>>> print(open('entry-v1.txt').read())   # compact mmCIF, C-alpha atoms and all ligand atoms
# COMPACT_ATOMS: atom_id res chain seq x y z
CA MET A 25 3.54 -9.71 -22.10
CA LYS A 26 6.36 -7.29 -22.84
CA ASP A 27 7.34 -4.97 -19.99
CA SER A 28 6.18 -1.37 -20.33
CA LEU A 29 8.52 1.41 -19.33
CA ILE A 30 7.38 4.99 -18.76
CA LEU A 31 9.35 8.18 -18.19
CA SER A 32 7.06 10.51 -16.25
CA PHE A 33 7.01 14.20 -15.33
CA GLU A 34 5.19 16.13 -12.57
CA THR A 35 5.51 19.92 -12.16
CA SER A 36 1.96 21.05 -11.31
CA CYS A 37 2.81 22.94 -8.13
CA ASP A 38 6.00 23.20 -6.07
CA GLU A 39 7.72 19.85 -6.63
CA THR A 40 9.81 19.13 -9.74
CA SER A 41 9.71 15.38 -10.24
CA VAL A 42 10.77 12.84 -12.85
CA ALA A 43 10.31 9.06 -12.50
CA VAL A 44 10.85 5.79 -14.33
CA ILE A 45 8.01 3.29 -13.87
CA LYS A 46 7.95 -0.32 -15.02
CA ASN A 47 4.65 -2.06 -15.82
CA GLY A 48 2.66 0.67 -14.05
CA ASN A 49 3.57 -0.63 -10.61
CA GLN A 50 7.34 -0.68 -10.08
CA ILE A 51 9.34 2.42 -9.26
CA LEU A 52 12.79 2.25 -10.85
CA SER A 53 13.47 5.87 -9.86
CA ASN A 54 11.42 8.75 -8.48
CA ILE A 55 13.38 12.01 -8.19
CA VAL A 56 11.58 14.80 -6.33
CA ALA A 57 13.15 18.28 -6.02
CA THR A 58 11.07 20.21 -3.53
CA GLN A 59 10.91 24.00 -3.44
CA ILE A 60 9.22 24.30 -0.06
CA LYS A 61 12.03 26.34 1.52
CA SER A 62 11.75 29.03 -1.17
CA HIS A 63 8.01 29.47 -0.60
CA GLN A 64 7.96 29.27 3.20
CA ARG A 65 8.81 32.91 3.81
CA PHE A 66 5.77 33.89 1.72
CA GLY A 67 3.42 31.52 3.62
CA GLY A 68 2.40 29.69 0.42
CA VAL A 69 3.43 28.87 -3.13
CA VAL A 70 4.38 31.91 -5.25
CA PRO A 71 3.66 30.87 -8.87
CA GLU A 72 6.47 32.91 -10.48
CA VAL A 73 9.04 31.52 -8.05
CA ALA A 74 7.72 27.99 -8.64
CA SER A 75 8.11 28.23 -12.44
CA ARG A 76 11.68 29.48 -12.12
CA HIS A 77 12.62 26.61 -9.83
CA HIS A 78 11.08 24.07 -12.22
CA ILE A 79 13.18 25.45 -15.08
CA GLU A 80 16.33 25.23 -12.96
CA GLN A 81 15.61 21.71 -11.71
CA ILE A 82 14.03 19.82 -14.58
CA THR A 83 17.11 18.73 -16.55
CA GLY A 84 18.93 17.59 -13.40
CA CYS A 85 15.85 15.59 -12.37
CA ILE A 86 15.72 13.88 -15.80
CA ARG A 87 19.42 13.02 -15.60
CA ASP A 88 19.08 11.62 -12.06
CA ALA A 89 15.93 9.62 -12.90
CA LEU A 90 17.68 8.00 -15.88
CA ASN A 91 20.89 7.31 -13.95
CA GLU A 92 19.14 5.84 -10.94
CA SER A 93 16.94 3.57 -13.07
CA GLY A 94 19.79 2.54 -15.36
CA MET A 95 17.54 3.24 -18.37
CA SER A 96 18.09 5.38 -21.43
CA TYR A 97 15.65 7.00 -23.87
CA PRO A 98 15.36 4.14 -26.40
CA ASP A 99 14.15 1.84 -23.57
CA PHE A 100 10.90 3.76 -23.06
CA ASP A 101 7.40 2.99 -24.36
CA GLY A 102 6.03 6.42 -23.55
CA VAL A 103 6.52 9.78 -21.85
CA ALA A 104 3.76 10.70 -19.36
CA VAL A 105 3.21 14.21 -18.06
CA THR A 106 0.81 16.06 -15.77
CA TYR A 107 -0.93 18.67 -17.95
CA GLY A 108 -3.46 19.87 -15.32
CA PRO A 109 -4.88 20.88 -12.94
CA GLY A 110 -2.27 23.11 -11.32
CA LEU A 111 -0.36 26.36 -11.75
CA VAL A 112 -0.13 27.17 -15.44
CA GLY A 113 3.49 28.40 -15.39
CA SER A 114 4.58 25.32 -13.46
CA LEU A 115 2.64 22.85 -15.61
CA LEU A 116 4.15 24.34 -18.78
CA ILE A 117 7.68 23.43 -17.72
CA GLY A 118 6.84 19.74 -17.34
CA VAL A 119 4.66 19.68 -20.47
CA ASN A 120 7.41 21.24 -22.59
CA ALA A 121 10.12 19.00 -21.18
CA ALA A 122 7.98 15.89 -21.85
CA LYS A 123 7.09 17.06 -25.36
CA THR A 124 10.74 17.68 -26.14
CA VAL A 125 11.84 14.23 -24.95
CA ALA A 126 8.92 12.54 -26.77
CA TRP A 127 9.64 14.38 -30.02
CA ALA A 128 13.42 13.95 -29.89
CA HIS A 129 13.20 10.21 -29.22
CA ASN A 130 10.07 9.44 -31.20
CA LEU A 131 8.09 8.26 -28.19
CA PRO A 132 4.33 8.54 -27.56
CA LEU A 133 3.32 11.46 -25.31
CA ILE A 134 0.75 10.53 -22.61
CA PRO A 135 -1.29 13.35 -21.02
CA VAL A 136 -2.11 12.69 -17.35
CA ASN A 137 -4.59 14.41 -15.04
CA HIS A 138 -2.85 15.17 -11.71
CA ILE A 139 -5.80 13.76 -9.70
CA ALA A 140 -5.66 10.49 -11.67
CA GLY A 141 -1.99 10.40 -10.62
CA HIS A 142 -2.85 10.77 -6.92
CA ILE A 143 -5.33 7.88 -7.30
CA TYR A 144 -2.93 5.63 -9.25
CA GLY A 145 -0.29 6.13 -6.54
CA ALA A 146 -2.17 3.23 -4.90
CA ASN A 147 -1.26 0.98 -7.84
CA LEU A 148 2.40 1.26 -6.87
CA VAL A 149 1.57 -0.83 -3.80
CA LYS A 150 -1.20 -3.16 -4.94
CA GLN A 151 -3.23 -3.48 -8.11
CA ILE A 152 -6.38 -1.33 -8.11
CA GLU A 153 -9.60 -3.32 -8.62
CA PHE A 154 -12.82 -1.92 -10.02
CA PRO A 155 -15.32 -0.55 -9.32
CA ALA A 156 -13.31 1.66 -6.99
CA MET A 157 -13.90 4.87 -5.04
CA ALA A 158 -11.17 7.41 -4.36
CA LEU A 159 -11.08 10.16 -1.76
CA VAL A 160 -8.49 12.63 -3.06
CA VAL A 161 -7.52 15.26 -0.51
CA SER A 162 -4.70 17.69 -1.23
CA GLY A 163 -3.70 21.33 -1.03
CA GLY A 164 -5.78 22.16 -4.09
CA HIS A 165 -8.46 19.46 -4.20
CA THR A 166 -10.99 17.57 -2.12
CA GLU A 167 -12.93 15.12 -4.26
CA LEU A 168 -14.77 11.83 -4.11
CA VAL A 169 -14.13 10.07 -7.42
CA TYR A 170 -16.12 7.00 -8.48
CA MET A 171 -14.33 4.72 -10.96
CA PRO A 172 -16.51 2.04 -12.60
CA LYS A 173 -13.45 0.98 -14.61
CA GLU A 174 -9.77 1.84 -14.81
CA ASP A 175 -10.02 4.75 -17.25
CA ASP A 176 -13.35 6.19 -16.07
CA PHE A 177 -13.23 8.92 -13.41
CA GLU A 178 -16.51 10.47 -12.22
CA ILE A 179 -16.60 13.14 -9.52
CA ILE A 180 -19.55 12.48 -7.21
CA GLY A 181 -18.58 15.10 -4.61
CA GLU A 182 -16.13 17.96 -4.22
CA THR A 183 -15.39 20.98 -2.09
CA ARG A 184 -17.53 24.04 -2.69
CA ASP A 185 -14.78 26.36 -1.44
CA ASP A 186 -11.40 25.61 0.20
CA ALA A 187 -9.57 22.31 -0.22
CA ALA A 188 -8.84 20.42 3.00
CA GLY A 189 -5.06 20.95 2.70
CA GLU A 190 -5.55 24.66 2.03
CA ALA A 191 -7.58 24.90 5.27
CA TYR A 192 -4.79 23.08 7.16
CA ASP A 193 -2.21 25.50 5.77
CA LYS A 194 -4.31 28.58 6.62
CA ILE A 195 -5.11 27.63 10.21
CA GLY A 196 -1.49 26.46 10.59
CA ARG A 197 -0.38 30.00 9.84
CA VAL A 198 -2.59 31.29 12.67
CA LEU A 199 -0.89 28.76 14.96
CA GLY A 200 2.51 30.07 13.83
CA ILE A 201 3.43 26.98 11.79
CA ASN A 202 5.44 27.22 8.57
CA TYR A 203 3.87 26.31 5.20
CA PRO A 204 2.87 23.52 4.52
CA ALA A 205 1.34 23.08 7.96
CA GLY A 206 -0.65 19.84 7.57
CA LYS A 207 1.89 17.42 9.01
CA GLN A 208 2.62 19.50 12.10
CA VAL A 209 -1.07 20.23 12.78
CA ASP A 210 -1.64 16.46 12.53
CA GLN A 211 1.12 15.83 15.13
CA MET A 212 -0.27 18.51 17.48
CA ALA A 213 -3.79 17.13 17.06
CA HIS A 214 -2.63 13.84 18.54
CA LEU A 215 -1.56 15.68 21.71
CA GLY A 216 -4.81 17.60 22.20
CA LYS A 217 -8.56 17.13 22.62
CA ASP A 218 -11.59 18.25 20.62
CA VAL A 219 -12.81 20.84 23.13
CA PHE A 220 -13.91 23.57 20.70
CA HIS A 221 -16.45 21.56 18.68
CA PHE A 222 -16.01 23.49 15.44
CA PRO A 223 -18.78 23.21 12.81
CA ARG A 224 -19.01 20.11 10.58
CA ALA A 225 -20.24 21.92 7.45
CA MET A 226 -22.61 20.07 5.09
CA ASP A 227 -22.13 16.88 7.12
CA LYS A 228 -25.82 16.05 7.23
CA GLU A 229 -26.69 17.30 3.73
CA ASP A 230 -27.88 14.81 1.18
CA ASN A 231 -24.91 15.08 -1.21
CA PHE A 232 -21.23 14.16 -1.30
CA ASP A 233 -19.87 17.72 -1.33
CA PHE A 234 -17.64 19.39 1.24
CA SER A 235 -17.03 22.90 2.57
CA PHE A 236 -14.09 23.97 4.73
CA SER A 237 -14.18 27.78 4.65
CA GLY A 238 -16.71 28.04 7.53
CA LEU A 239 -14.52 25.78 9.67
CA LYS A 240 -11.47 27.89 8.85
CA SER A 241 -13.34 31.11 9.81
CA ALA A 242 -14.66 29.57 13.04
CA PHE A 243 -11.09 28.59 13.93
CA ILE A 244 -9.64 32.03 13.15
CA ASN A 245 -12.47 33.82 15.03
CA THR A 246 -11.91 31.65 18.10
CA VAL A 247 -8.19 32.48 18.15
CA HIS A 248 -8.74 36.21 17.52
CA HIS A 249 -11.42 36.45 20.18
CA ALA A 250 -9.07 34.83 22.71
CA ASP A 251 -6.32 37.30 21.71
CA GLN A 252 -8.67 40.26 22.24
CA ILE A 253 -9.53 39.19 25.76
CA ASN A 254 -5.92 38.22 26.49
CA THR A 255 -6.67 34.55 27.00
CA SER A 256 -4.33 31.89 25.73
CA LEU A 257 -5.77 28.77 24.19
CA ASP A 258 -4.08 25.38 24.11
CA LYS A 259 -2.65 25.03 20.59
CA ASN A 260 -2.82 21.23 20.69
CA ASP A 261 -6.53 21.39 21.61
CA LEU A 262 -7.11 23.87 18.75
CA ALA A 263 -5.35 21.52 16.32
CA ALA A 264 -7.23 18.49 17.65
CA SER A 265 -10.58 20.29 17.37
CA PHE A 266 -9.85 21.41 13.80
CA GLN A 267 -8.67 17.96 12.74
CA ALA A 268 -11.68 16.25 14.36
CA ALA A 269 -14.01 18.45 12.28
CA VAL A 270 -12.10 17.78 9.03
CA VAL A 271 -11.84 14.04 9.63
CA ASP A 272 -15.53 13.79 10.63
CA VAL A 273 -16.82 15.33 7.41
CA LEU A 274 -14.34 13.58 5.14
CA SER A 275 -15.10 10.17 6.61
CA ASP A 276 -18.89 10.70 6.98
CA LYS A 277 -19.24 11.68 3.32
CA THR A 278 -17.01 8.81 2.23
CA VAL A 279 -19.11 6.31 4.18
CA LYS A 280 -22.26 7.79 2.63
CA ALA A 281 -20.69 7.40 -0.83
CA LEU A 282 -19.71 3.78 -0.16
CA LYS A 283 -23.32 2.98 0.82
CA GLU A 284 -24.64 4.37 -2.45
CA PHE A 285 -21.79 3.08 -4.66
CA PRO A 286 -20.61 -0.34 -3.47
CA VAL A 287 -16.98 -0.79 -4.55
CA LYS A 288 -14.17 -3.31 -4.28
CA GLN A 289 -11.66 -0.75 -3.04
CA LEU A 290 -11.54 2.67 -1.40
CA ILE A 291 -8.37 4.58 -2.29
CA LEU A 292 -7.14 7.45 -0.12
CA GLY A 293 -4.70 9.71 -2.00
CA GLY A 294 -3.34 13.28 -2.14
CA GLY A 295 -1.09 15.23 0.26
CA VAL A 296 -3.68 15.20 3.09
CA ALA A 297 -3.95 11.40 2.75
CA ALA A 298 -0.74 11.37 4.83
CA ASN A 299 -2.89 12.51 7.78
CA LEU A 300 -2.68 9.88 10.49
CA GLY A 301 -6.03 10.88 12.03
CA LEU A 302 -7.79 10.42 8.69
CA ARG A 303 -6.03 7.11 7.92
CA ASP A 304 -7.00 5.70 11.34
CA ARG A 305 -10.59 6.86 11.04
CA LEU A 306 -11.08 5.32 7.59
CA LYS A 307 -9.57 2.04 8.81
CA LYS A 308 -12.21 1.96 11.58
CA ASP A 309 -15.06 3.01 9.28
CA LEU A 310 -14.17 0.37 6.69
CA THR A 311 -14.79 -2.45 9.18
CA ASP A 312 -18.49 -1.89 8.35
CA PHE A 313 -17.71 -2.60 4.67
CA PRO A 314 -16.15 -6.09 4.59
CA GLU A 315 -16.43 -6.20 0.78
CA THR A 316 -14.38 -3.02 0.38
CA GLU A 317 -10.59 -3.01 0.75
CA LEU A 318 -8.94 0.17 2.02
CA MET A 319 -6.01 1.24 -0.20
CA LEU A 320 -3.91 3.85 1.57
CA VAL A 321 -1.34 5.45 -0.71
CA PRO A 322 1.95 5.09 1.26
CA ILE A 323 2.85 8.29 3.09
CA HIS A 324 6.02 8.92 1.03
CA LEU A 325 3.91 8.86 -2.17
CA CYS A 326 1.00 11.04 -0.89
CA GLY A 327 2.65 14.35 -1.82
CA ASP A 328 3.20 15.31 -5.45
CA ASN A 329 5.62 13.00 -7.30
CA ALA A 330 6.17 11.71 -10.83
CA ALA A 331 5.95 8.01 -9.85
CA MET A 332 2.16 8.32 -9.45
CA ILE A 333 1.98 10.06 -12.85
CA GLY A 334 3.90 7.16 -14.41
CA ALA A 335 1.50 4.66 -12.80
CA ALA A 336 -1.51 6.49 -14.29
CA GLY A 337 0.40 6.93 -17.57
CA ALA A 338 0.91 3.16 -17.91
CA MET A 339 -2.86 2.65 -17.67
CA LEU A 340 -3.46 5.36 -20.30
CA LEU A 341 -0.81 3.79 -22.56
CA ARG A 342 -2.83 0.54 -22.51
CA HIS A 343 -5.87 2.58 -23.62
CA HIS A 344 -3.87 4.39 -26.32
CA VAL A 345 -4.52 7.80 -24.80
CA PHE A 346 -1.91 9.95 -26.54
CA ALA A 347 -1.33 13.64 -27.17
CA ASP A 348 0.55 15.35 -29.96
CA ALA A 349 2.89 18.33 -29.92
CA SER A 350 -0.10 20.68 -29.51
CA LEU A 351 -0.61 19.49 -25.90
CA ASN A 352 -1.00 22.52 -23.65
CA ALA A 353 -1.20 23.00 -19.89
CA ASP A 354 -4.79 23.05 -18.62
CA PRO A 355 -4.75 24.67 -15.15
CA SER A 356 -8.44 23.95 -14.47
CA LEU A 357 -8.62 20.45 -15.92
CA GLU A 358 -11.40 18.45 -14.17
CA PHE A 359 -13.08 15.08 -14.38
CA GLU A 360 -16.78 15.17 -15.14
CA TYR A 361 -19.05 15.92 -12.17
CA ILE A 362 -21.89 13.39 -11.98
CA SER A 363 -24.69 14.88 -9.84
O1 LIG B 1 -0.95 16.70 -2.99
P1 LIG B 1 -0.07 17.77 -2.45
O2 LIG B 1 1.40 17.47 -2.22
O3 LIG B 1 -0.13 19.04 -3.35
C1 LIG B 1 -1.30 19.39 -4.05
O4 LIG B 1 -1.57 18.77 -5.11
O5 LIG B 1 -2.02 20.25 -3.49
O6 LIG B 1 -0.72 18.24 -1.05
C2 LIG B 1 -0.11 19.20 -0.21
C3 LIG B 1 -1.03 19.45 0.99
C4 LIG B 1 -0.61 20.64 1.85
O7 LIG B 1 -1.75 21.47 2.03
C5 LIG B 1 -0.17 20.01 3.17
O8 LIG B 1 -0.37 20.85 4.31
C6 LIG B 1 -1.04 18.79 3.22
O9 LIG B 1 -1.04 18.30 1.89
N1 LIG B 1 -0.54 17.74 4.13
C7 LIG B 1 -1.22 17.30 5.22
C8 LIG B 1 -0.41 16.33 5.86
N2 LIG B 1 0.75 16.22 5.14
C9 LIG B 1 0.65 17.08 4.09
N3 LIG B 1 -2.43 17.66 5.68
C10 LIG B 1 -2.86 17.05 6.81
N4 LIG B 1 -2.15 16.11 7.49
C11 LIG B 1 -0.92 15.72 7.05
N5 LIG B 1 -0.22 14.80 7.73
ZN ZN B 2 -1.23 16.95 -5.67
>>> encode(input="entry-v1.txt", output="structure tokens")
Amino acid sequence: MKDSLILSFETSCDETSVAVIKNGNQILSNIVATQIKSHQRFGGVVPEVASRHHIEQITGCIRDALNESGMSYPDFDGVAVTYGPGLVGSLLIGVNAAKTVAWAHNLPLIPVNHIAGHIYGANLVKQIEFPAMALVVSGGHTELVYMPKEDDFEIIGETRDDAAGEAYDKIGRVLGINYPAGKQVDQMAHLGKDVFHFPRAMDKEDNFDFSFSGLKSAFINTVHHADQINTSLDKNDLAASFQAAVVDVLSDKTVKALKEFPVKQLILGGGVAANLGLRDRLKKDLTDFPETELMLVPIHLCGDNAAMIGAAGAMLLRHHVFADASLNADPSLEFEYIS
């Protein structure tokens, strides 16, 4: 079969990224311009600032992605782009850049859901086999996605309030850690113990949904109470206790889902999938499911990047999923929730 070559774009949040992907599984280039430093002083992503950075970065990222891959526009079979979910002003920059390239070079435009991208990041390491289950945990999302086949995404559980990464970033702030706090909280957690026994919300409920806002409040109240009575708490123990609660609920619900939906593979993707505590726990839990292979998206591809969008785009190209010049950003794009 002829090779397929995709030029892909990702600008849903605070990374401007352009990649060249061959056959849906080989990265020829994956340029990521991060804006983290510009947002750190605000403690989170400022949408207006993010859009401006995307505008400044996008053409340079395209140039670098083409140079590094050694490809030029006529080589491509399609242009894939994240069109949601995400920040509308940020998404629009990628969508318009992709539309422009597709129109100017007469290439098909492939609309990609950001969450499908996080899942297809796994395909860059090993081919995904179906049926599959994906636990997608990021700064904006916490979802269990059941995939009976490669182009069918069904949400069977999701967070009712905060996303796991959002909770990490908020409690990180209380610990005095810069945004995004997840990685550092993870490192501190490995040095501490779960002595605070924070709540495991919805853990025993008969569904696959999550909730992290109660955990976040319990954490903040514990720290504030200690401040009021002039006691100092061990920050590593606080981080370990928070992480234990997050990892417990994420893994318990995933195990419950695997019992009800037997699958060939479990994929862990999204920014929080870089969490070493969560990766270790799922490795242990999966020993009870010898028929299910654990697919951990490699840590350097867990955060937002265009390579994962190109991997999902190659699958959509096979299914002839195309958009025309009317494609718009859809900030609240979601897969269907199957209850
Ligand atoms: O997927 P992503 O790059 O952006 C969104 O689509 O949201 O995820 C970013 C999130 C941030 O909240 C960050 O704190 C979190 O991923 N994160 C982690 C770790 N590394 C990044 N959370 C927990 N443990 C980590 N090691
Ligand atoms: Zn993401």
>>> residues_around(input="entry-v1.txt", residues="A:Met171", least_positions_apart="4", cutoff="6 Å", atoms="only C-alpha atoms", output="list in words")
Pro155, Ala156, Met157, Asp176 and Phe177 of chain A
>>> residues_around(input="entry-v1.txt", residues="stretch 341-348 of chain A", least_positions_apart="3", cutoff="8 Å", atoms="all atoms listed in the file", output="PyMOL selection string")
chain A and resi 102+132-135+175+337-338+351
>>> closest_residue(input="entry-v1.txt", among="A:Asp210, A:Asp328, A:Glu360, A:Glu80", to="ligand ZN 2 (chain B)", atoms="only C-alpha atoms and all ligand atoms")
A:Asp328
>>> closest_residue(input="entry-v1.txt", among="A:Ala225, A:Ala122, A:Val296, A:Leu131", to="A:Asp272", atoms="only C-alpha atoms")
A:Ala225
>>> atom_distance(input="entry-v1.txt", atom1="atom CA of A:Ile45", atom2="atom CA of A:Thr124")
19.1 Å
>>> residues_near_ligand(input="entry-v1.txt", ligand="ligand ZN 2 (chain B)", cutoff="7 Å", atoms="only C-alpha atoms and all ligand atoms", output="count of residues only")
9
>>> closest_atom_pairs(input="entry-v1.txt", of="chain A", to="ligand LIG 1 (chain B)", cutoff="9 Å", atoms="all atoms listed in the file", output="Markdown table")
| residue | atom | partner | partner_atom | distance |
| --- | --- | --- | --- | --- |
| A:Ser36 | CA | B:LIG1 | O4 | 7.5 |
| A:Cys37 | CA | B:LIG1 | O4 | 6.8 |
| A:Asp38 | CA | B:LIG1 | O3 | 7.9 |
| A:Glu39 | CA | B:LIG1 | O2 | 8.1 |
| A:Pro109 | CA | B:LIG1 | O4 | 8.8 |
| A:Gly110 | CA | B:LIG1 | O4 | 7.6 |
| A:His138 | CA | B:LIG1 | O4 | 7.6 |
| A:Ile139 | CA | B:LIG1 | O4 | 8.0 |
| A:His142 | CA | B:LIG1 | O1 | 7.4 |
| A:Val160 | CA | B:LIG1 | O1 | 8.6 |
| A:Val161 | CA | B:LIG1 | O1 | 7.2 |
| A:Ser162 | CA | B:LIG1 | O6 | 4.0 |
| A:Gly163 | CA | B:LIG1 | O5 | 3.2 |
| A:Gly164 | CA | B:LIG1 | O5 | 4.3 |
| A:His165 | CA | B:LIG1 | O5 | 6.5 |
| A:Ala187 | CA | B:LIG1 | O7 | 8.2 |
| A:Ala188 | CA | B:LIG1 | O7 | 7.2 |
| A:Gly189 | CA | B:LIG1 | O7 | 3.4 |
| A:Glu190 | CA | B:LIG1 | O7 | 5.0 |
| A:Ala191 | CA | B:LIG1 | O7 | 7.5 |
| A:Tyr192 | CA | B:LIG1 | O8 | 5.7 |
| A:Asp193 | CA | B:LIG1 | O8 | 5.2 |
| A:Lys194 | CA | B:LIG1 | O7 | 8.8 |
| A:Gly196 | CA | B:LIG1 | O8 | 8.5 |
| A:Tyr203 | CA | B:LIG1 | O8 | 7.0 |
| A:Pro204 | CA | B:LIG1 | O8 | 4.2 |
| A:Ala205 | CA | B:LIG1 | O8 | 4.6 |
| A:Gly206 | CA | B:LIG1 | N3 | 3.4 |
| A:Lys207 | CA | B:LIG1 | N5 | 3.6 |
| A:Gln208 | CA | B:LIG1 | N5 | 7.0 |
| A:Val209 | CA | B:LIG1 | N4 | 6.8 |
| A:Asp210 | CA | B:LIG1 | N4 | 5.1 |
| A:Gln211 | CA | B:LIG1 | N5 | 7.6 |
| A:Gln267 | CA | B:LIG1 | C10 | 8.4 |
| A:Gly293 | CA | B:LIG1 | O1 | 8.0 |
| A:Gly294 | CA | B:LIG1 | O1 | 4.3 |
| A:Gly295 | CA | B:LIG1 | O6 | 3.3 |
| A:Val296 | CA | B:LIG1 | N3 | 3.8 |
| A:Ala297 | CA | B:LIG1 | C11 | 6.8 |
| A:Ala298 | CA | B:LIG1 | N5 | 4.5 |
| A:Asn299 | CA | B:LIG1 | N5 | 3.5 |
| A:Leu300 | CA | B:LIG1 | N5 | 6.2 |
| A:Gly301 | CA | B:LIG1 | N4 | 7.9 |
| A:Leu302 | CA | B:LIG1 | N4 | 8.1 |
| A:Ile323 | CA | B:LIG1 | N2 | 8.5 |
| A:Leu325 | CA | B:LIG1 | O2 | 9.0 |
| A:Cys326 | CA | B:LIG1 | O1 | 6.3 |
| A:Gly327 | CA | B:LIG1 | O2 | 3.4 |
| A:Asp328 | CA | B:LIG1 | O2 | 4.3 |
| A:Asn329 | CA | B:LIG1 | O2 | 8.0 |
>>> residues_around(input="entry-v1.txt", residues="A:Glu317", least_positions_apart="5", cutoff="7 Å", atoms="all atoms listed in the file", output="list in words")
Lys288, Gln289 and Leu290 of chain A
>>> residues_around(input="entry-v1.txt", residues="A:Glu178", least_positions_apart="5", cutoff="9 Å", atoms="only C-alpha atoms", output="CSV table (one decimal) with C-alpha atoms, in the coordinates of the input")
chain,number,residue,atom,x,y,z
A,168,LEU,CA,-14.8,11.8,-4.1
A,169,VAL,CA,-14.1,10.1,-7.4
A,170,TYR,CA,-16.1,7.0,-8.5
A,171,MET,CA,-14.3,4.7,-11.0
A,172,PRO,CA,-16.5,2.0,-12.6
A,359,PHE,CA,-13.1,15.1,-14.4
A,360,GLU,CA,-16.8,15.2,-15.1
A,361,TYR,CA,-19.0,15.9,-12.2
A,362,ILE,CA,-21.9,13.4,-12.0
>>> residues_around(input="entry-v1.txt", residues="A:Asn137", least_positions_apart="6", cutoff="12 Å", atoms="only C-alpha atoms", output="PyMOL selection string")
chain A and resi 33-36+104-110+115+119+143-144+175+177+330+332-337+340+345+353-359
>>> write_last_selection(input="entry-v1.txt", atoms="C-alpha atoms", output="PDB file, in the frame of the given file")
ATOM      1  CA  PHE A  33       7.010  14.200 -15.330  1.00  0.00           C
ATOM      2  CA  GLU A  34       5.190  16.130 -12.570  1.00  0.00           C
ATOM      3  CA  THR A  35       5.510  19.920 -12.160  1.00  0.00           C
ATOM      4  CA  SER A  36       1.960  21.050 -11.310  1.00  0.00           C
ATOM      5  CA  ALA A 104       3.760  10.700 -19.360  1.00  0.00           C
ATOM      6  CA  VAL A 105       3.210  14.210 -18.060  1.00  0.00           C
ATOM      7  CA  THR A 106       0.810  16.060 -15.770  1.00  0.00           C
ATOM      8  CA  TYR A 107      -0.930  18.670 -17.950  1.00  0.00           C
ATOM      9  CA  GLY A 108      -3.460  19.870 -15.320  1.00  0.00           C
ATOM     10  CA  PRO A 109      -4.880  20.880 -12.940  1.00  0.00           C
ATOM     11  CA  GLY A 110      -2.270  23.110 -11.320  1.00  0.00           C
ATOM     12  CA  LEU A 115       2.640  22.850 -15.610  1.00  0.00           C
ATOM     13  CA  VAL A 119       4.660  19.680 -20.470  1.00  0.00           C
ATOM     14  CA  ILE A 143      -5.330   7.880  -7.300  1.00  0.00           C
ATOM     15  CA  TYR A 144      -2.930   5.630  -9.250  1.00  0.00           C
ATOM     16  CA  ASP A 175     -10.020   4.750 -17.250  1.00  0.00           C
ATOM     17  CA  PHE A 177     -13.230   8.920 -13.410  1.00  0.00           C
ATOM     18  CA  ALA A 330       6.170  11.710 -10.830  1.00  0.00           C
ATOM     19  CA  MET A 332       2.160   8.320  -9.450  1.00  0.00           C
ATOM     20  CA  ILE A 333       1.980  10.060 -12.850  1.00  0.00           C
ATOM     21  CA  GLY A 334       3.900   7.160 -14.410  1.00  0.00           C
ATOM     22  CA  ALA A 335       1.500   4.660 -12.800  1.00  0.00           C
ATOM     23  CA  ALA A 336      -1.510   6.490 -14.290  1.00  0.00           C
ATOM     24  CA  GLY A 337       0.400   6.930 -17.570  1.00  0.00           C
ATOM     25  CA  LEU A 340      -3.460   5.360 -20.300  1.00  0.00           C
ATOM     26  CA  VAL A 345      -4.520   7.800 -24.800  1.00  0.00           C
ATOM     27  CA  ALA A 353      -1.200  23.000 -19.890  1.00  0.00           C
ATOM     28  CA  ASP A 354      -4.790  23.050 -18.620  1.00  0.00           C
ATOM     29  CA  PRO A 355      -4.750  24.670 -15.150  1.00  0.00           C
ATOM     30  CA  SER A 356      -8.440  23.950 -14.470  1.00  0.00           C
ATOM     31  CA  LEU A 357      -8.620  20.450 -15.920  1.00  0.00           C
ATOM     32  CA  GLU A 358     -11.400  18.450 -14.170  1.00  0.00           C
ATOM     33  CA  PHE A 359     -13.080  15.080 -14.380  1.00  0.00           C
TER      34      PHE A 359
END
>>> atom_distance(input="entry-v1.txt", atom1="atom CA of A:Asp101", atom2="atom CA of A:Ala126")
10.0 Å
>>> closest_residue(input="entry-v1.txt", among="A:Ser53, A:Gln81, A:Ser32, A:Thr166", to="A:Gly141", atoms="all atoms listed in the file")
A:Ser32
>>> atom_distance(input="entry-v1.txt", atom1="atom CA of A:Asn49", atom2="atom CA of A:Gly118")
21.7 Å
>>> closest_residue(input="entry-v1.txt", among="A:Asn202, A:Asn147, A:Gln50, A:Ser241", to="A:His63", atoms="all atoms listed in the file")
A:Asn202
>>> closest_residue(input="entry-v1.txt", among="A:Leu274, A:Ile82, A:Leu215, A:Ser265", to="A:Thr183", atoms="all atoms listed in the file")
A:Leu274
>>> closest_residue(input="entry-v1.txt", among="A:Val149, A:Val103, A:Val73, A:Val56", to="A:Ser28", atoms="only C-alpha atoms")
A:Val103
>>> residues_near_point(input="entry-v1.txt", point="(-13.8, 13.7, 14.8)", cutoff="12 Å", atoms="only C-alpha atoms", output="ChimeraX atom specification")
/A:213-214,217-224,227,263-276,301-302,304-306
